[in-house]
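Have a look at the structure below, then the notes.
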Amino acid sequence: MSSGQSDYIQKGIRSAEQATEEDKAHNYEAAAKHYMTAAEWLMQARKYGSMNAQMKQTILAKIESYVKRAEEIKEILKKGPTKKKAVADTSNGRGNSKDNKGDDDDNADPDRRRMMQKFEGAIVTDPNVTFADVVGLEQAKEALKEAVILPVKFPQLFQGKRKPWAGILLYGPPGTGKSYLAKAIATECKSTFISVSSSDLLSKWLGESEKGVKCLFELARERQPCIVFIDEIDALCGQRNDTESESSRRVKTEFLVQMQGVGTDNSGVLVLAATNIPWALDTAIRRRFEKRIYIPLPGVNERAAMFKTHLGVNTYHTIKEHEWMQLAQRAEHYSGADIAVVCREALLRPIRRLGSATHFKQVPNPKPDGPRLLWLACSPGDQGAVGKTLDEISSEELCEPPVSMSDMAAALATQKPTVGEDDLKLQQKFTQEFGQEGS
């Protein structure tokens with residue numbers, strides 16, 4: 001027996017001892033968790049490393065007994081005095097049991113209630129991003145409007161065989177605006193928008209992960225029209241293979257069933273997902289996403305607009321209008337996120353020069369409030385230059401140093417793009433086989 005396998009067994013024994021103590025003390029919820037933890041450690045011990053058949057059988061019997069006791073405890077908790085009684089309606093003398101049915105169900109299963117509360121906390125209310133804020137990506141915007149906004153605004157158009165899309169996958173290189181598009185949808189649509197990631201759905205407890213997936217879709221059906229946004233879906237629904245864990249396989253199976261299974265009615269629910277590596281998705285998951293939209297790197301006109309946006313409309317700069325296009329042409333293969341980093345670096349460069357400035361000149365204050373003249377850092381040979389240090393100038397009298405074209409060029413030279421040619425080739429190959437352009 002390997003040392004790692006022995007560690008798993010020891011951890012399982014300790015968890016089982018804790019479970020027994022909690023069980024005797026009637027702390028049933030804690031006991032159930034410890035029983036399931038003990039079972040998980042012993043399952044790991046059986047799965048990895050060498051072990052004779054007798055030992056495997058002994059450990060299997062222990063696992064079954066721990067899981068069985070945990071299930072018994074859950075039944076005890078369900079039968080406990082937690083159900084709410086129907087509240088009498090004094091206005092008409094009738095019981096209000098129908099209205100409290102959902103509360104009874106939730107109280108009967110505290111785990112379900114806890115999961116529902118967690119996903120209700122993931123509902124996005126006001127991200128303040130509109131489609132107008134998203135530069136370019138016109139085809140992607142049109143597809144999302146067709147899937148999200150039109151069915152809500154004109155439901156009479158989507159009847160019979162004409163149905164809105166039920167699953168949309170946004171894929172492309174990192175930093176191209178996939179999650180930003182999702183925020184714009186949350187603002188534009190009048191639907192409930194639930195944003196989750198794999199960490200919200202996955203759990204170390206046996207059976208909890210697939211139950212979380214089920215609860216997510218149940219909440220979405222209750223709140224329809226609803227959009228479920230899953231960021232980095234490749235972490236949740238990668239390719240199925242023989243080496244993956246049983247819990248991972250069950251999560252994927254539950255996801256497939258909830259998205260499009262027998263007896264599943266998801267009308268009014270749109271599943272929107274984003275990934276940087278679409279080829280890593282399981283083929284069955286890929287089929288569930290009827291629209292697969294490629295979000296590419298921005299074109300030259302989009303890059304010029306992004307430089308303007310990220311530098312800020314109120315930022316003091318000396319960049320001329322034709323120079324924005326020059327910057328865009330030099331920023332080939334830069335994503336929107338890369339351009340934002342370049343602009344942040346360019347904004348900091350004048351501040352660094354300010355610390356070592358020895359000469360300042362006075363310039364008019366563009367703002368009506370405050371002093372009429374401000375001190376601006378300059379070269380010693382400039383007209384009106386006065387020998388001063390930064391310590392001799394108060395904060396109200398200091399003029400914000402302008403960002404120049406040389407600052408932008410220097411920032412562009414130091415901040416390299418994060419997307420390589422090989423990554424782009426993989427994205428384009430996937431688009432040719434399975435996707436569509438979104439720009």
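We name chains A, B, ... following the order of the structure tokens; residues begin at 1 in each chain, and ligands are numbered from 1 as shown.
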Quiz item: Hey, what's within 7 Å of A:Asp231 if we count only C-alpha atoms and toss same-chain stuff fewer than 2 positions away? As a ChimeraX atom specification, please?
Solution: /A:196-197,229,233,273-275
Quiz prompt | Residue neighbourhood A:Ser199, 10 Å, only C-alpha atoms, exclusion window fewer than 5 positions, as a ChimeraX atom specification | solution = /A:209,235-236
Exercise. Pick out the closest residue to A:Gly384 from this set: A:Ala53, A:Cys189, A:Leu412, A:Val363. Count only C-alpha atoms.
Key: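 Among the listed residues, the smallest separation from A:Gly384 belongs to A:Val363.
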Exercise. Excluding A:Asn365 and residues on its chain fewer than 2 positions from it, collect all residues at most 10 Å away from it, counting only C-alpha atoms, and give them as a ChimeraX atom specification.
Key: /A:362-363,367-375,397-399
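The shortest atom-to-atom distance to A:Pro350, with only C-alpha atoms taken into account, belongs to A:Cys378 out of A:Leu77, A:Cys378, A:Ala61, A:Ile185.
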